[in-house]
>>> print(open('structure.txt').read())   # compact mmCIF, C-alpha atoms
# COMPACT_ATOMS: atom_id res chain seq x y z
CA MET A 1473 367.15 93.27 74.42
CA SER A 1474 366.13 95.96 76.74
CA GLN A 1475 362.61 97.21 76.59
CA ILE A 1476 361.95 100.73 75.49
CA PRO A 1477 360.38 102.56 78.38
CA THR A 1478 356.90 103.70 77.69
CA LYS A 1479 355.03 106.64 79.15
CA HIS A 1480 351.82 105.55 80.73
CA THR A 1481 348.95 107.96 80.05
CA SER A 1482 345.41 107.78 81.19
CA GLN A 1483 342.85 107.15 78.49
CA ARG A 1484 340.43 109.33 80.37
CA GLN A 1485 340.12 112.75 78.71
CA PRO A 1486 340.17 115.77 81.06
CA ARG A 1487 336.75 117.19 81.49
CA LEU A 1488 336.15 120.87 80.66
CA ALA A 1489 335.20 122.30 84.02
CA TYR A 1490 336.59 119.96 86.68
CA ASP A 1491 340.09 118.67 85.90
CA CYS A 1492 342.10 121.86 86.19
CA ALA A 1493 342.30 124.87 88.46
CA VAL A 1494 340.61 127.08 85.87
CA GLY A 1495 337.89 124.50 85.50
CA GLU A 1496 337.35 124.47 89.23
CA LEU A 1497 336.99 128.25 89.13
CA PHE A 1498 334.68 128.54 86.13
CA GLY A 1499 332.78 125.32 86.70
CA ARG A 1500 330.86 126.53 89.73
CA ALA A 1501 328.29 129.29 89.34
CA PRO A 1502 328.51 130.63 92.92
CA ILE A 1503 332.25 131.21 92.43
CA TYR A 1504 332.23 132.84 89.01
CA ASP A 1505 329.08 134.81 89.84
CA ALA A 1506 330.96 136.43 92.72
CA ILE A 1507 333.88 137.24 90.42
CA PHE A 1508 331.91 138.48 87.41
CA SER A 1509 329.62 140.64 89.53
CA CYS A 1510 332.64 142.79 90.42
CA VAL A 1511 334.11 143.32 86.94
CA SER A 1512 333.31 145.73 84.12
CA PRO A 1513 331.51 144.58 80.98
CA ARG A 1514 334.75 144.72 78.96
CA THR A 1515 336.58 142.57 81.51
CA LEU A 1516 333.69 140.12 81.45
CA VAL A 1517 333.97 139.77 77.67
CA ARG A 1518 337.76 139.50 77.72
CA THR A 1519 337.66 136.85 80.43
CA GLY A 1520 335.23 134.86 78.32
CA CYS A 1521 337.76 134.86 75.47
CA SER A 1522 340.49 133.25 77.58
CA CYS A 1523 339.33 129.62 77.43
CA ARG A 1524 336.31 127.46 76.81
CA ALA A 1525 335.47 127.11 80.49
CA ALA A 1526 335.56 130.88 81.01
CA TYR A 1527 333.52 131.41 77.86
CA ALA A 1528 330.78 129.08 79.04
CA ALA A 1529 330.78 130.67 82.50
CA SER A 1530 330.63 134.23 81.14
CA LYS A 1531 327.77 133.31 78.82
CA ASP A 1532 325.83 131.73 81.67
CA PHE A 1533 326.43 134.75 83.91
CA SER A 1534 325.50 137.25 81.18
CA HIS A 1535 322.30 135.39 80.38
CA ARG A 1536 321.16 135.86 83.96
CA ALA A 1537 322.74 139.27 84.68
CA TYR A 1538 321.26 140.86 81.54
CA ASN A 1539 317.77 139.39 81.85
CA ILE A 1540 315.66 142.16 80.31
CA HIS A 1541 312.34 140.75 81.50
CA GLN A 1542 313.54 140.57 85.08
CA HIS A 1543 314.86 144.13 84.79
CA LEU A 1544 311.57 145.49 83.42
CA SER A 1545 309.44 143.56 85.91
CA HIS A 1546 310.21 146.17 88.57
CA PHE A 1547 307.97 148.61 86.67
CA LEU A 1548 305.96 146.40 84.32
CA SER A 1549 303.91 143.30 85.05
CA LYS A 1550 303.94 142.25 81.38
CA PRO A 1551 307.48 142.89 80.10
CA LEU A 1552 306.96 140.81 76.96
CA ASP A 1553 303.89 142.82 75.96
CA PHE A 1554 305.68 146.10 76.58
CA ARG A 1555 308.62 145.04 74.43
CA SER A 1556 306.17 144.15 71.67
CA LEU A 1557 304.81 147.68 72.06
CA GLN A 1558 308.38 148.95 71.71
CA ALA A 1559 308.75 146.96 68.49
CA ARG A 1560 305.55 148.50 67.06
CA THR A 1561 306.31 152.08 68.06
CA GLY A 1562 310.11 152.42 68.21
CA THR A 1563 309.87 153.46 71.86
CA LEU A 1564 313.18 153.54 73.75
CA ILE A 1565 313.95 153.20 77.46
CA ALA A 1566 316.75 155.58 78.38
CA GLY A 1567 318.20 157.62 81.23
CA SER A 1568 319.29 156.04 84.47
CA ASN A 1569 317.14 152.95 83.91
CA ALA A 1570 319.15 151.88 80.86
CA LEU A 1571 322.35 152.73 82.74
CA GLN A 1572 321.31 150.48 85.62
CA PHE A 1573 320.57 147.59 83.26
CA LEU A 1574 323.93 147.75 81.48
CA ASP A 1575 325.83 148.44 84.70
CA ARG A 1576 324.08 145.57 86.51
CA THR A 1577 323.10 147.78 89.41
CA PHE A 1578 320.01 149.30 91.03
CA TYR A 1579 319.30 152.87 92.12
CA PRO A 1580 316.61 152.84 94.84
CA GLY A 1581 313.81 155.30 94.23
CA SER A 1582 314.67 155.96 90.59
CA ASP A 1583 311.95 156.12 87.96
CA MET A 1584 311.85 154.87 84.39
CA ASP A 1585 312.00 157.22 81.39
CA ILE A 1586 310.61 156.09 78.05
CA TYR A 1587 311.12 158.13 74.89
CA VAL A 1588 308.38 158.06 72.27
CA HIS A 1589 308.27 159.05 68.61
CA PRO A 1590 305.73 161.65 67.47
CA GLY A 1591 302.46 159.93 66.65
CA HIS A 1592 302.80 157.14 69.23
CA VAL A 1593 302.36 159.04 72.51
CA ARG A 1594 298.66 158.23 72.98
CA GLU A 1595 299.19 154.55 72.14
CA VAL A 1596 301.96 154.16 74.71
CA LEU A 1597 300.05 156.08 77.39
CA ASP A 1598 296.96 153.97 76.81
CA TYR A 1599 299.04 150.83 77.28
CA LEU A 1600 300.55 152.00 80.58
CA VAL A 1601 297.16 153.03 81.96
CA ASP A 1602 294.93 150.26 80.60
CA ARG A 1603 297.31 147.30 80.64
CA GLU A 1604 299.73 148.12 83.45
CA GLY A 1605 297.40 149.91 85.86
CA TYR A 1606 299.26 153.23 86.03
CA LYS A 1607 297.43 156.50 86.67
CA PHE A 1608 298.21 159.75 84.93
CA LYS A 1609 299.70 162.39 87.24
CA PRO A 1610 299.37 165.78 85.57
CA ASP A 1611 301.52 168.76 86.43
CA SER A 1612 300.06 172.19 87.06
CA THR A 1613 299.69 172.91 83.33
CA GLN A 1614 298.03 169.63 82.32
CA PRO A 1615 294.39 168.46 82.60
CA GLU A 1616 293.39 165.54 84.80
CA ASP A 1617 292.67 163.33 81.78
CA TYR A 1618 295.65 162.90 79.47
CA ARG A 1619 293.23 162.22 76.61
CA GLU A 1620 292.36 165.92 76.69
CA ILE A 1621 295.95 166.92 76.04
CA SER A 1622 296.72 168.19 72.57
CA LEU A 1623 300.40 167.92 71.80
CA ASP A 1624 299.95 170.93 69.52
CA ASP A 1625 298.84 173.12 72.45
CA ASP A 1626 301.95 174.77 73.85
CA GLU A 1627 300.13 175.78 77.04
CA LEU A 1628 299.68 172.13 77.99
CA LEU A 1629 303.26 171.08 77.42
CA SER A 1630 305.75 170.58 80.23
CA TYR A 1631 308.99 172.22 79.11
CA TYR A 1632 311.76 169.81 80.00
CA GLN A 1633 314.60 172.07 78.82
CA ILE A 1634 316.28 169.40 76.75
CA ARG A 1635 316.66 169.75 73.02
CA GLY A 1636 314.33 167.41 71.19
CA VAL A 1637 311.81 167.02 74.04
CA GLU A 1638 308.31 168.32 73.41
CA SER A 1639 306.54 167.29 76.61
CA VAL A 1640 306.81 165.09 79.70
CA LEU A 1641 303.84 163.02 80.91
CA SER A 1642 304.06 161.14 84.20
CA VAL A 1643 302.19 158.04 85.35
CA GLU A 1644 302.39 156.38 88.75
CA LYS A 1645 301.13 153.35 90.63
CA ARG A 1646 301.71 151.57 93.90
CA GLY A 1647 304.23 148.75 93.70
CA PRO A 1648 305.02 146.03 96.25
CA ASP A 1649 307.97 148.06 97.58
CA GLY A 1650 306.52 151.55 97.24
CA PRO A 1651 305.38 153.99 94.55
CA LEU A 1652 306.50 153.46 90.97
CA LYS A 1653 306.83 156.28 88.45
CA ILE A 1654 307.27 156.23 84.69
CA GLN A 1655 307.94 159.40 82.73
CA LEU A 1656 306.85 159.34 79.12
CA ILE A 1657 308.96 161.75 77.09
CA ALA A 1658 307.11 162.92 73.99
CA CYS A 1659 309.92 163.72 71.56
CA GLU A 1660 309.83 166.61 69.14
CA THR A 1661 311.61 164.74 66.35
CA SER A 1662 312.82 161.34 67.61
CA PRO A 1663 313.91 159.58 70.82
CA PHE A 1664 317.54 159.51 69.67
CA ASP A 1665 317.54 163.26 69.08
CA ALA A 1666 316.62 163.75 72.73
CA ILE A 1667 318.98 161.11 74.11
CA ILE A 1668 322.16 162.56 72.59
CA ASN A 1669 321.31 165.89 74.19
CA PHE A 1670 321.35 164.52 77.74
CA HIS A 1671 323.47 166.32 80.31
CA SER A 1672 326.43 163.95 80.00
CA THR A 1673 327.66 160.79 78.33
CA CYS A 1674 327.08 158.28 81.14
CA VAL A 1675 323.33 158.40 80.47
CA MET A 1676 323.62 158.10 76.69
CA ASN A 1677 322.41 154.51 76.83
CA PHE A 1678 319.07 153.11 75.74
CA ILE A 1679 317.08 149.91 75.47
CA ALA A 1680 315.21 149.08 72.26
CA PHE A 1681 313.02 146.04 71.75
CA ASP A 1682 315.87 144.04 70.21
CA ALA A 1683 319.04 145.33 71.90
CA ALA A 1684 320.50 147.62 74.55
CA TYR A 1685 323.06 150.20 73.47
CA SER A 1686 325.76 152.29 75.12
CA LEU A 1687 327.25 155.05 72.98
CA TYR A 1688 330.30 155.60 75.21
CA PRO A 1689 330.86 152.23 76.92
CA VAL A 1690 334.58 152.52 77.75
CA GLY A 1691 334.31 155.98 79.28
CA THR A 1692 331.17 155.00 81.19
CA PHE A 1693 331.70 151.44 82.42
CA GLU A 1694 335.47 151.02 82.30
CA ASN A 1695 336.77 154.47 83.31
CA ARG A 1696 333.64 155.54 85.24
CA ASP A 1697 333.81 159.01 83.67
CA THR A 1698 330.96 161.13 82.33
CA LEU A 1699 331.63 163.99 79.92
CA SER A 1700 329.40 167.06 80.15
CA VAL A 1701 327.57 167.91 76.94
CA TRP A 1702 327.04 171.61 76.43
CA ARG A 1703 323.38 172.44 75.79
CA ALA A 1704 323.41 176.23 75.26
CA ARG A 1705 322.47 176.72 78.90
CA PRO A 1706 324.04 175.94 82.28
CA LEU A 1707 322.70 173.28 84.58
CA HIS A 1708 320.09 174.58 87.01
CA ASP A 1709 322.31 173.52 89.89
CA LEU A 1710 324.86 170.93 90.86
CA THR A 1711 322.36 168.22 91.73
CA VAL A 1712 323.10 166.20 88.58
CA VAL A 1713 326.85 166.40 89.15
CA ILE A 1714 326.44 165.38 92.78
CA LYS A 1715 323.97 162.60 92.00
CA TYR A 1716 326.16 160.88 89.46
CA GLY A 1717 329.22 161.48 91.57
CA GLU A 1718 327.52 159.51 94.32
CA ARG A 1719 326.83 156.80 91.76
CA GLY A 1720 330.54 156.47 91.08
CA PHE A 1721 331.11 158.68 88.02
CA ALA A 1722 333.74 161.40 87.73
CA TRP A 1723 332.35 164.51 86.02
CA LEU A 1724 334.43 165.90 83.14
CA SER A 1725 333.49 169.43 82.07
CA THR A 1726 335.35 169.19 78.74
CA LEU A 1727 338.20 167.43 76.95
CA SER A 1728 341.73 168.76 77.18
CA ALA A 1729 343.51 170.35 74.24
CA GLY A 1730 345.21 167.78 72.05
CA THR A 1731 342.56 165.13 72.64
CA SER A 1732 341.89 163.04 69.56
CA SER A 1733 339.55 160.24 68.65
CA GLN A 1734 342.38 157.74 68.99
CA ASN A 1735 343.35 158.63 72.57
CA SER A 1736 339.94 159.31 74.08
CA PRO A 1737 337.16 156.89 75.05
CA PHE A 1738 334.67 159.56 73.92
CA HIS A 1739 335.92 159.47 70.31
CA PRO A 1740 335.50 163.18 69.54
CA PHE A 1741 335.72 164.69 66.06
CA THR A 1742 334.53 161.43 64.52
CA ASP A 1743 331.35 160.69 62.59
CA ARG A 1744 329.46 158.14 64.65
CA THR A 1745 326.49 155.87 63.99
CA VAL A 1746 324.49 153.72 66.37
CA GLY A 1747 326.05 150.26 66.38
CA ASP A 1748 329.45 151.36 65.10
CA GLN A 1749 332.76 149.97 66.36
CA TYR A 1750 332.68 152.27 69.40
CA THR A 1751 329.15 151.30 70.45
CA TRP A 1752 328.40 148.52 72.89
CA LYS A 1753 325.40 146.61 71.54
CA LEU A 1754 323.90 143.97 73.79
CA PRO A 1755 321.43 141.83 71.78
CA LEU A 1756 318.23 140.86 73.59
CA ASP A 1757 316.06 137.79 73.16
CA THR A 1758 313.23 138.61 70.73
CA GLN A 1759 311.53 135.23 70.76
CA GLU A 1760 307.78 135.46 71.30
CA LEU A 1761 307.78 139.20 70.58
CA ALA A 1762 305.05 140.49 68.29
CA LEU A 1763 307.12 142.42 65.78
CA ARG A 1764 305.91 145.33 63.70
CA PRO A 1765 304.05 144.14 60.57
CA GLN A 1766 305.43 144.92 57.14
CA MET A 1767 304.52 148.36 55.82
CA SER A 1768 303.55 146.82 52.48
CA PRO A 1769 303.73 143.39 50.82
CA SER A 1770 306.93 144.39 49.04
CA SER A 1771 308.70 145.93 52.03
CA SER A 1772 311.14 144.07 54.25
CA PRO A 1773 309.99 143.04 57.74
CA PHE A 1774 311.33 145.04 60.67
CA GLN A 1775 314.04 142.95 62.32
CA CYS A 1776 315.64 145.77 64.33
CA ASP A 1777 314.76 149.13 65.79
CA PRO A 1778 315.20 152.08 63.38
CA VAL A 1779 317.41 153.83 65.93
CA ILE A 1780 320.42 152.18 64.23
CA TYR A 1781 320.04 154.58 61.29
CA ASN A 1782 321.04 157.64 63.33
CA GLY A 1783 324.40 159.41 63.36
CA TRP A 1784 326.13 162.20 65.29
CA ALA A 1785 329.54 163.58 66.23
CA LEU A 1786 331.08 165.00 69.39
CA GLU A 1787 332.69 168.38 68.66
CA ARG A 1788 333.95 171.46 70.46
CA VAL A 1789 331.09 173.94 70.67
CA GLN A 1790 331.67 177.29 72.38
CA HIS A 1791 332.27 176.49 76.06
CA GLY A 1792 332.75 172.73 75.92
CA MET A 1793 331.86 169.58 74.00
CA GLY A 1794 328.55 169.07 72.28
CA THR A 1795 326.77 166.64 69.99
CA VAL A 1796 326.60 167.83 66.38
CA TYR A 1797 324.25 166.52 63.70
CA LYS A 1798 321.40 167.50 61.42
CA THR A 1799 317.88 166.15 61.60
CA VAL A 1800 316.53 164.39 58.53
CA LYS A 1801 312.77 164.93 58.30
CA SER A 1802 310.54 164.00 55.40
CA SER A 1803 307.00 162.86 54.78
CA VAL A 1804 308.58 159.96 52.91
CA PHE A 1805 309.88 158.58 56.22
CA ARG A 1806 307.72 157.34 59.07
CA TYR A 1807 310.33 158.56 61.57
CA ASN A 1808 312.95 161.30 61.75
CA TYR A 1809 316.68 160.66 61.87
CA THR A 1810 319.96 162.42 62.62
CA THR A 1811 323.09 162.47 60.50
CA THR A 1812 326.46 164.17 60.03
CA ASN A 1813 326.60 163.16 56.38
CA TYR A 1814 326.26 166.31 54.27
CA LYS A 1815 326.20 164.19 51.11
CA LEU A 1816 323.13 162.38 52.38
CA ASN A 1817 321.45 165.74 53.03
CA PHE A 1818 322.26 166.82 49.50
CA LYS A 1819 320.90 163.58 48.00
CA LEU A 1820 317.67 164.00 49.95
CA TRP A 1821 317.40 167.52 48.61
CA LEU A 1822 317.79 166.17 45.06
CA PHE A 1823 315.24 163.45 45.83
CA ALA A 1824 312.73 166.08 46.92
CA ILE A 1825 313.25 167.95 43.65
CA GLU A 1826 312.94 164.87 41.46
CA HIS A 1827 309.77 163.61 43.15
CA GLY A 1828 307.99 166.92 43.49
CA PHE A 1829 307.98 167.32 47.25
CA ASP A 1830 307.61 171.09 46.94
CA GLY A 1831 306.61 171.56 50.56
CA GLU A 1832 309.81 169.90 51.74
CA LEU A 1833 312.10 171.45 49.18
CA ALA A 1834 312.51 174.75 51.01
CA SER A 1835 313.20 173.00 54.31
CA PHE A 1836 315.83 170.74 52.77
CA TRP A 1837 317.48 173.68 51.05
CA GLU A 1838 317.62 175.77 54.21
CA THR A 1839 319.23 172.90 56.08
CA PHE A 1840 321.64 172.17 53.29
CA LYS A 1841 322.85 175.69 52.55
CA HIS A 1842 323.15 176.63 56.25
CA ASP A 1843 325.30 173.65 57.15
CA PHE A 1844 327.08 172.86 53.92
CA LEU A 1845 330.26 174.67 54.91
CA SER A 1846 330.34 173.03 58.35
CA PHE A 1847 329.89 169.55 56.90
CA ILE A 1848 332.00 169.95 53.76
CA ARG A 1849 335.16 169.05 55.65
CA ARG A 1850 333.71 165.64 56.50
CA ASP A 1851 334.05 162.70 54.22
CA SER A 1852 331.18 160.52 55.37
CA THR A 1853 330.62 158.29 52.39
>>> encode(input="structure.txt", output="C-alpha cells")
Amino acid sequence: MSQIPTKHTSQRQPRLAYDCAVGELFGRAPIYDAIFSCVSPRTLVRTGCSCRAAYAASKDFSHRAYNIHQHLSHFLSKPLDFRSLQARTGTLIAGSNALQFLDRTFYPGSDMDIYVHPGHVREVLDYLVDREGYKFKPDSTQPEDYREISLDDDELLSYYQIRGVESVLSVEKRGPDGPLKIQLIACETSPFDAIINFHSTCVMNFIAFDAAYSLYPVGTFENRDTLSVWRARPLHDLTVVIKYGERGFAWLSTLSAGTSSQNSPFHPFTDRTVGDQYTWKLPLDTQELALRPQMSPSSSPFQCDPVIYNGWALERVQHGMGTVYKTVKSSVFRYNYTTTNYKLNFKLWLFAIEHGFDGELASFWETFKHDFLSFIRRDST
C-alpha cells in the first residue's frame, strides 16, 4: 500500500514584523520613519489600514510625529501646565503654528498665535509673563504695563483687521536659538469666530487642550490648496499669497461654477460643525492635565473643549467664497458660539422669552428676523 504523500509544514508561526517583505519594511523604525515622513496624513492613515504590521508602524510613527509637548516646547518650557491653562480657559493655538504641527513641518522664524475668549485675557497673559518668562512688547498705542490696558478702551486696542478680533497683545523672550514671540489674540466673541475668518483655508486649523483640528484637511494636506475667504476687504498686499506659496500651497481665489459639496474638498454650501465627517480631529494625550472643574455639583465635567459646539458654512458672498454663520451670545452661556441653524436661533429666542431675559430678547429678535429668510432654506435639524 503506497503511502499518501504528506505536506511538511513548519510548526513555527510567522512572526508579525520579520517573516515577510512587508514585515521587513514596517518592522524597522528607521525605514518606515523615512517613508511616513514623506506622505500626507491621509496616506499615513490608509497605509495603517493595510495590515497589522503597517498599523503598528503608523501608530508608532504618529505617536512620535504628533508629540504635542515636543511641539510646544519650542515656545513653552512647561507645555503640560500651558495645556492645563487651555483646559481652564478654552484657549486655542491657531495660525501657522497649528498648521506646522499637523503638517509635521517647521517654519523658521514664525511666531505662535493663541486665541483667547473674552474674560480670560489677563489670566493667560499673567501665565506667559509670570510662569514662562515672557515680556510684554506694547505697540505704539499700548502702555508699557499690560495690566494698565482696559479691553473696553478702544484707543488702546490694536486693530488686527480680522472679524472677531478685538486686540492683539505681543510677548517676547530670548530662546536658545533666537527671539521667541507669542501673539495673544483677544477675541471679540470667541476664538472660533476669529479662526474661520482667516485669510484662507490652509490656516483654519487649531489646537485645543484635548485635540488638534483641521477644518479642510483634504484641500490643505492632500491637495496642498488654500481657498481665499472673502472678508469684505482686499488683502493689504500679496505677501500672504507669496508666503504660503513658498510654503507649498496653491492659492485659489474662488471656486468655479458648478462646484458642489460632493466634488470639492472645501465642502461648500453645507452646514458644518467642528468634528464633523469632513473635519480631521487628532486626539491628544490628556493624562496628567488639570481639567476645568465642574461648574456646579450637578453639571457634567468638561471632557472636551467647547469649540466642538460651533458651526459654519462656506457660501458664495459677493466677490468670492466666505464663511457664513450667526453668533449665539447669551448671559446663560459662559462662552459664545457660532451656528447656521436658524431653528436653534429661534429656540433660543423662545427660551429668552420664557425665562424673562428681557435684555437679551431684543438682540435675539434682531438676529432672528434679519437672518430668518437666509437660513430658512437650510434644514439643520
>>> closest_residue(input="structure.txt", among="A:Glu1496, A:Asp1748, A:Glu1644, A:Asp1583", to="Phe1608 of chain A", atoms="only C-alpha atoms")
A:Glu1644
>>> residues_around(input="structure.txt", residues="segment 1541-1546 of chain A", least_positions_apart="3", cutoff="10 Å", atoms="all atoms listed in the file", output="number ranges by chain")
A: 1536-1538, 1549-1552, 1554-1555, 1569-1570, 1572-1573, 1576, 1578, 1584, 1647-1649, 1652, 1756-1757
>>> closest_residue(input="structure.txt", among="A:Phe1533, A:Tyr1527, A:Phe1774, A:Tyr1587", to="Ser1662 of chain A", atoms="all atoms listed in the file")
A:Tyr1587
>>> residues_around(input="structure.txt", residues="Ser1728 of chain A", least_positions_apart="2", cutoff="12 Å", atoms="only C-alpha atoms", output="PDB file with C-alpha atoms, keeping the file's coordinate frame")
ATOM      1  CA  LEU A1699     331.630 163.990  79.920  1.00  0.00           C
ATOM      2  CA  LEU A1724     334.430 165.900  83.140  1.00  0.00           C
ATOM      3  CA  SER A1725     333.490 169.430  82.070  1.00  0.00           C
ATOM      4  CA  THR A1726     335.350 169.190  78.740  1.00  0.00           C
ATOM      5  CA  GLY A1730     345.210 167.780  72.050  1.00  0.00           C
ATOM      6  CA  THR A1731     342.560 165.130  72.640  1.00  0.00           C
ATOM      7  CA  SER A1732     341.890 163.040  69.560  1.00  0.00           C
ATOM      8  CA  ASN A1735     343.350 158.630  72.570  1.00  0.00           C
ATOM      9  CA  SER A1736     339.940 159.310  74.080  1.00  0.00           C
ATOM     10  CA  PRO A1740     335.500 163.180  69.540  1.00  0.00           C
ATOM     11  CA  ARG A1788     333.950 171.460  70.460  1.00  0.00           C
ATOM     12  CA  GLY A1792     332.750 172.730  75.920  1.00  0.00           C
ATOM     13  CA  MET A1793     331.860 169.580  74.000  1.00  0.00           C
TER      14      MET A1793
END
>>> atom_distance(input="structure.txt", atom1="atom CA of Val1517 of chain A", atom2="atom CA of Gly1783 of chain A")
26.1 Å
>>> residues_around(input="structure.txt", residues="segment 1518-1524 of chain A", least_positions_apart="6", cutoff="10 Å", atoms="only C-alpha atoms", output="short mmCIF file (atom, residue, chain, number, x, y, z; two decimals) with C-alpha atoms, keeping the file's coordinate frame")
data_model
loop_
_atom_site.label_atom_id
_atom_site.label_comp_id
_atom_site.auth_asym_id
_atom_site.auth_seq_id
_atom_site.Cartn_x
_atom_site.Cartn_y
_atom_site.Cartn_z
CA LEU A 1488 336.15 120.87 80.66
CA ALA A 1489 335.20 122.30 84.02
CA VAL A 1494 340.61 127.08 85.87
CA GLY A 1495 337.89 124.50 85.50
CA PHE A 1498 334.68 128.54 86.13
CA PHE A 1508 331.91 138.48 87.41
CA VAL A 1511 334.11 143.32 86.94
CA SER A 1512 333.31 145.73 84.12
CA SER A 1530 330.63 134.23 81.14
CA LYS A 1531 327.77 133.31 78.82
#
>>> closest_residue(input="structure.txt", among="A:Ala1680, A:Ala1785, A:Ala1501, A:Leu1816", to="Gln1558 of chain A", atoms="only C-alpha atoms")
A:Ala1680
>>> atom_distance(input="structure.txt", atom1="atom CA of Val1637 of chain A", atom2="atom CA of Ile1668 of chain A")
11.4 Å
>>> atom_distance(input="structure.txt", atom1="atom CA of Lys1801 of chain A", atom2="atom CA of Leu1822 of chain A")
14.2 Å
